Amino acid sequence: MSAESSDHVSLRYEIRVVGHLDPRWSAWFEGLSLSLENDGTTLISGPIPDQAALHGVLRRLRDIGLTLVSITQIDAMGPADT
Amino acid sequence: MPDRLLDTKYRIPPRRPGLIGRPRLDALLEDGREARLMLVSAPAGFGKTTLLVEWLAGSAADERAVAWLSLDPRDNDPAVFWAYLATAIEAAAPGIGASALAVLQAPGASTESALAALLNDLGDFASGFVVILDDYHVIESGAVNDGMTFILEHLPAGVHLVIAGRADPSLPLAKLRSRGELVEIRAADLRFTDPESAVYLNTGMGLELDEADVATLAARTEGWIAALQMAAVAMRGREDVSSFITDFAGDDRYIVDYLLEEVLQRQSATVRDFLLGTSILGRLNGPLCDAVTGQDGGRATLESLDRSNLFVVALDDRRQWYRYHHLFADVLRARLLDEQPDRVAELHLRASAWLEEDGDRAEAIRHSMAAGDFVRAADLVELALSASRKDRQEATLRSWLEALPPEAIREKPVLSLAMAGALLANGELAGVEEQLANTEAWLSTADETDPEVRGLRSALTVYRAAQSNALGDADASMAFARRALDLVDKDDHIGQGAAAGLLALAHWSRGDLEDAHDLWAGAVTSLQKAGHLSDAIGCSMAVADIRIQQGGLTEAMGVYAWGLELSAAQDSVLRGTADMHVGMSELFLQRGDLDSASRHLLASEELGEDAGLPQNRYRSKVAMALVREAEGDPGAALDLLDEARHLYVGDFYPDVRPVAALRARTLLALGRTLEALDWVRDRALSTDDELSYVREFEHITLARIRMAQAVGDKTAEPLRDASRLLERLLVAAKEGGRLGSVIEILVLQALARKSSGQIDSAVTTLREAVALGEHELYVRAFTSNGAILVPLLRGLIKAPGAPRHARRLLAVLNKSKPNAASSPGSGTRELIEPLSGRELDVLQLLDTALTGPAIARELVVSLNTVRSHTKSIFAKFGVNNRREAVSRARDLGLLPRSTSG
């Protein structure tokens with residue numbers, strides 16, 4: 001299944017940035033969860049409705065000057081968690 | 001134009017005290033002075049704006065004028081962006097930019113012509129110009145990026161563009177880079193080095209740090225200026241600076257989180273609350289802050305934040321308006337969202353109320369949407385609607401409508417209708433019915449004597465007609481359009497024009513040419529009165545198309561000339577001007593004047609794509625193909641038709657000359673009859689088909705193909721088929737009053753009769769065609785069939801009383817080159833300089849009994865103007881009086897052969 005064919009399904013993404021991000025940023029990132037990793041990075045993860053929303057998240061990262069390490073789509077199957 | 005332009009957007013931001021010089025970057029900046037584009041691209045908080053402000057205060061500007069524009073997301077509406085850019089330039093050098101502003105305000109003007117006007121003005125400004133666009137990363141609009149690309153590619157010498165932002169813009173950077181026309185200042189250049197950090201912290205911020213502490217801070221922040229600034233604020237007045245630095249360096253937290261915590265802890269509760277509450281604002285002043293926080297003293301608080309370097313940026317020298325440093329504002333907002341989520345909506349609502357009162361409706365709408373108060377947002381959008389439509393901010397309007405939830409739109413018939421209009425304009429038919437039905441339901445219980453309700457009812461009926469038309473239901477479209485014409489207020493020229501145009505379409509697609517013509521002409525008049533000149537030109541294309549089908553080539557030429565004249569009278573090139581040239585090209589081609597046909601195609605091309613309606617992209621290729629074929633190069637014609645096929649955009653005009661059918665004809669000219677037959681199969685065409693107006697061109701093409709088949713066929717069947725079809729087509733074309741088709745069919749009949757050996761009958765038929773074509777000087781309709789006509793024409797000329805036109809046609813066919821066809825006989829030459837549109841108008845009237853003053857009245861110009869046009873016509877023709885001019889014009893095909901018929 002390709003990402004394009006599942007516009008109506010939220011896909012889960014993991015976005016890794018440099019630095020430990022305070023958990024209070026969760027609201028800013030529309031409820032995505034933040035986990036602090038031992039290597040000094042933060043993993044921002046959760047369901048993201050579509051590509052436009054993903055780009056919105058990336059823009060927010062850019063706007064607060066965070067350094068992006070990686071973006072991974074962690075599953076491509078099934079509907080968003082309910 | 002936006003309802004109100006904020007001057008703080010196009011003022012150079014005030015300088016800040018306590019900044020450090022950056023001689024390290026001087027060399028780069030010096031190069032940037034001379035480059036076409038200097039790009040300052042780095043994340044938030046890298047000192048991009050400050051660098052540019054200091055650069056301007058230093059040596060950058062010299063004599064040059066400097067236009068500054070700080071962008072925000074609203075500038076993604078091209079109408080808003082260009083208005084601000086032109087205003088910024090006008091503010092930098094009064095007078096420059098004014099013509100572009102005038103063009104932008106003219107309805108129907110193309111963006112490209114406004115930009116061309118702007119570039120011209122900039123190029124004329126002798127002492128040079130620097131145009132700075134800050135925060136360009138907010139621009140996502142393709143239309144704005146396209147326009148900026150156009151500007152970059154046409155930037156006059158002496159004009160330099162500077163773009164600053166957090167992301168590289170979607171502009172042709174690689175091309176500029178390879179030409180050495182781009183200077184880039186990036187994050188690596190902007191980061192503070194250790195010595196710079198030392199100067200900034202110790203001299204700029206008044207700290208007394210030793211080298212080791214500075215190095216630690218610089219390493220932890222990696223020279224990120226915003227972080228160093230926050231660190232400096234956090235350290236100010238602290239006893240234990242060294243331990244602060246040690247803790248900070250040993251912490252893994254995101255720098256901004258760590259430092260903000262430190263900074264906020266050192267503020268009073270009131271200030272903290274103020275910072276969080278006002279973080280939702282894009283711009284701040286005292287009264288707005290008071291309204292949002294519900295406290296007094298907003299202005300004093302802002303001033304104290306400014307003094308203590310707490311991340312506010314003054315937007316004007318009087319220090320009335322401020323904004324937070326973007327990064328700081330984002331961080332504060334995130335904290336507000338986390339700490340006081342219930343307060344957010346209320347804050348936005350208060351901001352919205354204050355901004356509405358202050359007249360900034362767009363910002364008021366943004367805040368009410370952010371508050372989730374869509375009822376209020378819908379109210380404001382409704383208020384903004386009429387103004388916005390007049391000002392062509394369609395993109396902004398559309399984005400508002402899309403941001404509103406469906407229920408909010410359903411509540412308001414005005415919004416529902418606007419949504420239907422936006423969808424129809426984009427050809428998105430799917431959602432239209434819901435909106436129209438909703439409006440209808442609302443109207444069913446409304447008081448129809450209320451003028452506003454009546455206005456809605458008439459607009460709804462126009463949209464219903466448009467919807468039926470788009471769905472291909474001509475009967476329904478006609479019924480709605482008729483009702484709309486009655487309902488629409490007589491002074492509502494746009495509504496009248498739209499209704500008349502839709503009714504005209506319905507008539508046209510049925511082949512009611514005369515009714516369709518009159519309605520289109522009415523639509524043109526209404527749209528012109530409404531000031532929608534580009535739309536008026538679009539509708540005049542239909543007027544000309546119809547006249548051409550009826551055999552009124554001269555009148556069609558007059559329509560195109562009118563369009564060119566209308567465009568010439570504007571400050572800018574109207575969209576649709578190129579279409580007029582393409583139309584003229586086809587007419588000249590029909591009259592055998594290949595040179596003029598090519599010249600007008602060139603004129604269309606030189607005007608650029610933006611001067612053409614969307615259809616012109618393929619129409620111009622078709623016209624070019626016809627010229628190539630007339631020049632004897634059907635191969636090139638075929639390629640052009642293939643291009644045209646890909647560029648084809650359907651409009652609502654009946655496609656009475658499909659590109660695929662033209663292509664089949666060109667295949668015949670290339671002797672590729674089998675491929676032409678493929679087209680016949682694709683279109684499921686048969687000589688026994690029921691005939692209809694919209695398929696006439698295809699059926700005549702089919703007759704041609706059958707005749708071509710007959711050449712290699714021993715049986716008489718293909719020819720008999722073709723003859724039967726042509727007979728039926730002739731009756732239909734005569735009934736429909738389509739003279740152009742009648743002539744073409746008669747010529748084919750003559751050829752078919754010749755093929756079956758009926759020479760006398762063939763000559764008689766051709767004679768009828770020639771006689772019909774004489775008045776309007778049809779040439780190509782005959783000569784496109786080639787030398788095969790020559791014996792018939794010879795036979796025709798021998799007979800007594802043969803039309804003069806026959807000799808002319810023969811002369812054309814006998815020339816080795818098929819051009820110069822329109823000027824047979826001796827002593828006539830091609831015009832070196834073509835007549836202008838206005839001269840063509842005057843010429844038409846010279847061929848009447850009108851006196852000079854009467855001509856002036858007719859054209860609504862002064863007698864002197866008429867005289868100067870007449871003199872110019874005489875000069876171009878090389879004649880000395882009116883009679884000679886008219887006679888010469890007849891030879892050139894600019895006037896019909898004889899006005900008496």
# chains A, B, ... in the order shown; residues from 1 in each chain; ligands from 1
call {"tool": "select_by_dssp", "arguments": {"residues": "segment 236-285 of chain B", "states": "alpha helix (DSSP H)", "output": "ChimeraX atom specification"}}
result
/B:241-249,255-265,269-278
call {"tool": "interface_residues", "arguments": {"of": "chain A", "to": "chain B", "cutoff": "12 Å", "atoms": "only C-alpha atoms", "output": "PDB file with C-alpha atoms, in the first residue's frame"}}
result
ATOM      1  CA  VAL A  17      15.433  16.056  16.724  1.00  0.00           C
ATOM      2  CA  VAL A  18      18.544  17.150  18.608  1.00  0.00           C
ATOM      3  CA  GLY A  19      18.097  18.071  22.279  1.00  0.00           C
ATOM      4  CA  HIS A  20      15.644  17.070  24.962  1.00  0.00           C
ATOM      5  CA  LEU A  21      12.332  18.766  24.313  1.00  0.00           C
ATOM      6  CA  ASP A  22      10.185  19.644  27.306  1.00  0.00           C
ATOM      7  CA  PRO A  23       6.992  17.515  27.415  1.00  0.00           C
ATOM      8  CA  ARG A  24       4.976  20.739  27.442  1.00  0.00           C
ATOM      9  CA  TRP A  25       5.602  21.002  23.674  1.00  0.00           C
ATOM     10  CA  SER A  26       3.150  18.160  23.107  1.00  0.00           C
ATOM     11  CA  ALA A  27       0.201  20.580  22.771  1.00  0.00           C
ATOM     12  CA  TRP A  28       2.184  22.657  20.260  1.00  0.00           C
ATOM     13  CA  PHE A  29       2.702  19.532  18.163  1.00  0.00           C
ATOM     14  CA  GLU A  30      -1.013  18.742  18.113  1.00  0.00           C
ATOM     15  CA  GLY A  31      -0.785  16.030  20.742  1.00  0.00           C
ATOM     16  CA  LEU A  36      13.558  11.720  25.503  1.00  0.00           C
ATOM     17  CA  GLU A  37      16.282   9.382  24.306  1.00  0.00           C
ATOM     18  CA  ASN A  38      19.566   8.592  25.990  1.00  0.00           C
ATOM     19  CA  ASP A  39      21.591   9.932  23.121  1.00  0.00           C
ATOM     20  CA  GLY A  40      20.342  13.464  23.830  1.00  0.00           C
ATOM     21  CA  THR A  41      17.702  13.450  21.100  1.00  0.00           C
ATOM     22  CA  THR A  42      13.918  13.617  21.322  1.00  0.00           C
ATOM     23  CA  HIS A  55       4.921  19.248   6.446  1.00  0.00           C
ATOM     24  CA  GLY A  56       3.118  21.411   8.980  1.00  0.00           C
ATOM     25  CA  LEU A  58       8.271  19.979  10.034  1.00  0.00           C
ATOM     26  CA  ARG A  59       7.630  23.692   9.582  1.00  0.00           C
ATOM     27  CA  ARG A  60       6.981  24.028  13.290  1.00  0.00           C
ATOM     28  CA  LEU A  61      10.267  22.260  14.028  1.00  0.00           C
ATOM     29  CA  ARG A  62      12.026  24.637  11.677  1.00  0.00           C
ATOM     30  CA  ASP A  63      10.377  27.686  13.202  1.00  0.00           C
ATOM     31  CA  ILE A  64      11.689  26.979  16.690  1.00  0.00           C
ATOM     32  CA  GLY A  65      15.149  26.236  15.375  1.00  0.00           C
ATOM     33  CA  LEU A  66      15.280  22.521  16.151  1.00  0.00           C
ATOM     34  CA  THR A  67      17.850  20.419  14.314  1.00  0.00           C
ATOM     35  CA  LEU A  68      16.213  17.571  12.445  1.00  0.00           C
TER      36      LEU A  68
END
call {"tool": "atom_distance", "arguments": {"atom1": "atom CA of Leu677 of chain B", "atom2": "atom CA of Lys714 of chain B"}}
result
18.3 Å
call {"tool": "residues_around", "arguments": {"residues": "segment 44-46 of chain A", "least_positions_apart": "5", "cutoff": "6 Å", "atoms": "only C-alpha atoms", "output": "list in words"}}
result
Arg12, Tyr13, Glu14, Ile15, Leu32, Ser33 and Leu34 of chain A
call {"tool": "write_last_selection", "arguments": {"atoms": "C-alpha atoms", "output": "mmCIF file, in the first residue's frame"}}
result
data_model
loop_
_atom_site.group_PDB
_atom_site.id
_atom_site.type_symbol
_atom_site.label_atom_id
_atom_site.label_comp_id
_atom_site.auth_asym_id
_atom_site.auth_seq_id
_atom_site.Cartn_x
_atom_site.Cartn_y
_atom_site.Cartn_z
ATOM 1 C CA ARG A 12 2.432 6.932 12.293
ATOM 2 C CA TYR A 13 5.675 8.831 12.075
ATOM 3 C CA GLU A 14 8.744 9.156 14.263
ATOM 4 C CA ILE A 15 10.645 12.391 13.999
ATOM 5 C CA LEU A 32 2.114 14.037 19.310
ATOM 6 C CA SER A 33 4.020 12.295 22.069
ATOM 7 C CA LEU A 34 7.573 13.186 23.004
#
call {"tool": "decode", "arguments": {"residues": "segment 17-71 of chain A", "atoms": "C-alpha atoms", "output": "PDB file, in the first residue's frame"}}
result
ATOM      1  CA  VAL A  17      15.433  16.056  16.724  1.00  0.00           C
ATOM      2  CA  VAL A  18      18.544  17.150  18.608  1.00  0.00           C
ATOM      3  CA  GLY A  19      18.097  18.071  22.279  1.00  0.00           C
ATOM      4  CA  HIS A  20      15.644  17.070  24.962  1.00  0.00           C
ATOM      5  CA  LEU A  21      12.332  18.766  24.313  1.00  0.00           C
ATOM      6  CA  ASP A  22      10.185  19.644  27.306  1.00  0.00           C
ATOM      7  CA  PRO A  23       6.992  17.515  27.415  1.00  0.00           C
ATOM      8  CA  ARG A  24       4.976  20.739  27.442  1.00  0.00           C
ATOM      9  CA  TRP A  25       5.602  21.002  23.674  1.00  0.00           C
ATOM     10  CA  SER A  26       3.150  18.160  23.107  1.00  0.00           C
ATOM     11  CA  ALA A  27       0.201  20.580  22.771  1.00  0.00           C
ATOM     12  CA  TRP A  28       2.184  22.657  20.260  1.00  0.00           C
ATOM     13  CA  PHE A  29       2.702  19.532  18.163  1.00  0.00           C
ATOM     14  CA  GLU A  30      -1.013  18.742  18.113  1.00  0.00           C
ATOM     15  CA  GLY A  31      -0.785  16.030  20.742  1.00  0.00           C
ATOM     16  CA  LEU A  32       2.114  14.037  19.310  1.00  0.00           C
ATOM     17  CA  SER A  33       4.020  12.295  22.069  1.00  0.00           C
ATOM     18  CA  LEU A  34       7.573  13.186  23.004  1.00  0.00           C
ATOM     19  CA  SER A  35      10.101  10.756  24.335  1.00  0.00           C
ATOM     20  CA  LEU A  36      13.558  11.720  25.503  1.00  0.00           C
ATOM     21  CA  GLU A  37      16.282   9.382  24.306  1.00  0.00           C
ATOM     22  CA  ASN A  38      19.566   8.592  25.990  1.00  0.00           C
ATOM     23  CA  ASP A  39      21.591   9.932  23.121  1.00  0.00           C
ATOM     24  CA  GLY A  40      20.342  13.464  23.830  1.00  0.00           C
ATOM     25  CA  THR A  41      17.702  13.450  21.100  1.00  0.00           C
ATOM     26  CA  THR A  42      13.918  13.617  21.322  1.00  0.00           C
ATOM     27  CA  LEU A  43      11.586  11.318  19.449  1.00  0.00           C
ATOM     28  CA  ILE A  44       8.343  13.028  18.402  1.00  0.00           C
ATOM     29  CA  SER A  45       5.847  10.377  17.361  1.00  0.00           C
ATOM     30  CA  GLY A  46       2.230   9.655  16.687  1.00  0.00           C
ATOM     31  CA  PRO A  47      -0.387   9.530  13.962  1.00  0.00           C
ATOM     32  CA  ILE A  48      -0.216  12.283  11.344  1.00  0.00           C
ATOM     33  CA  PRO A  49      -3.276  12.612   9.102  1.00  0.00           C
ATOM     34  CA  ASP A  50      -1.603  13.304   5.764  1.00  0.00           C
ATOM     35  CA  GLN A  51       1.427  14.720   3.983  1.00  0.00           C
ATOM     36  CA  ALA A  52       0.258  18.310   4.419  1.00  0.00           C
ATOM     37  CA  ALA A  53       0.034  17.790   8.176  1.00  0.00           C
ATOM     38  CA  LEU A  54       3.496  16.208   8.199  1.00  0.00           C
ATOM     39  CA  HIS A  55       4.921  19.248   6.446  1.00  0.00           C
ATOM     40  CA  GLY A  56       3.118  21.411   8.980  1.00  0.00           C
ATOM     41  CA  VAL A  57       4.928  19.604  11.809  1.00  0.00           C
ATOM     42  CA  LEU A  58       8.271  19.979  10.034  1.00  0.00           C
ATOM     43  CA  ARG A  59       7.630  23.692   9.582  1.00  0.00           C
ATOM     44  CA  ARG A  60       6.981  24.028  13.290  1.00  0.00           C
ATOM     45  CA  LEU A  61      10.267  22.260  14.028  1.00  0.00           C
ATOM     46  CA  ARG A  62      12.026  24.637  11.677  1.00  0.00           C
ATOM     47  CA  ASP A  63      10.377  27.686  13.202  1.00  0.00           C
ATOM     48  CA  ILE A  64      11.689  26.979  16.690  1.00  0.00           C
ATOM     49  CA  GLY A  65      15.149  26.236  15.375  1.00  0.00           C
ATOM     50  CA  LEU A  66      15.280  22.521  16.151  1.00  0.00           C
ATOM     51  CA  THR A  67      17.850  20.419  14.314  1.00  0.00           C
ATOM     52  CA  LEU A  68      16.213  17.571  12.445  1.00  0.00           C
ATOM     53  CA  VAL A  69      17.911  14.157  12.510  1.00  0.00           C
ATOM     54  CA  SER A  70      15.468  11.772  10.852  1.00  0.00           C
ATOM     55  CA  ILE A  71      11.862  11.092   9.883  1.00  0.00           C
TER      56      ILE A  71
END
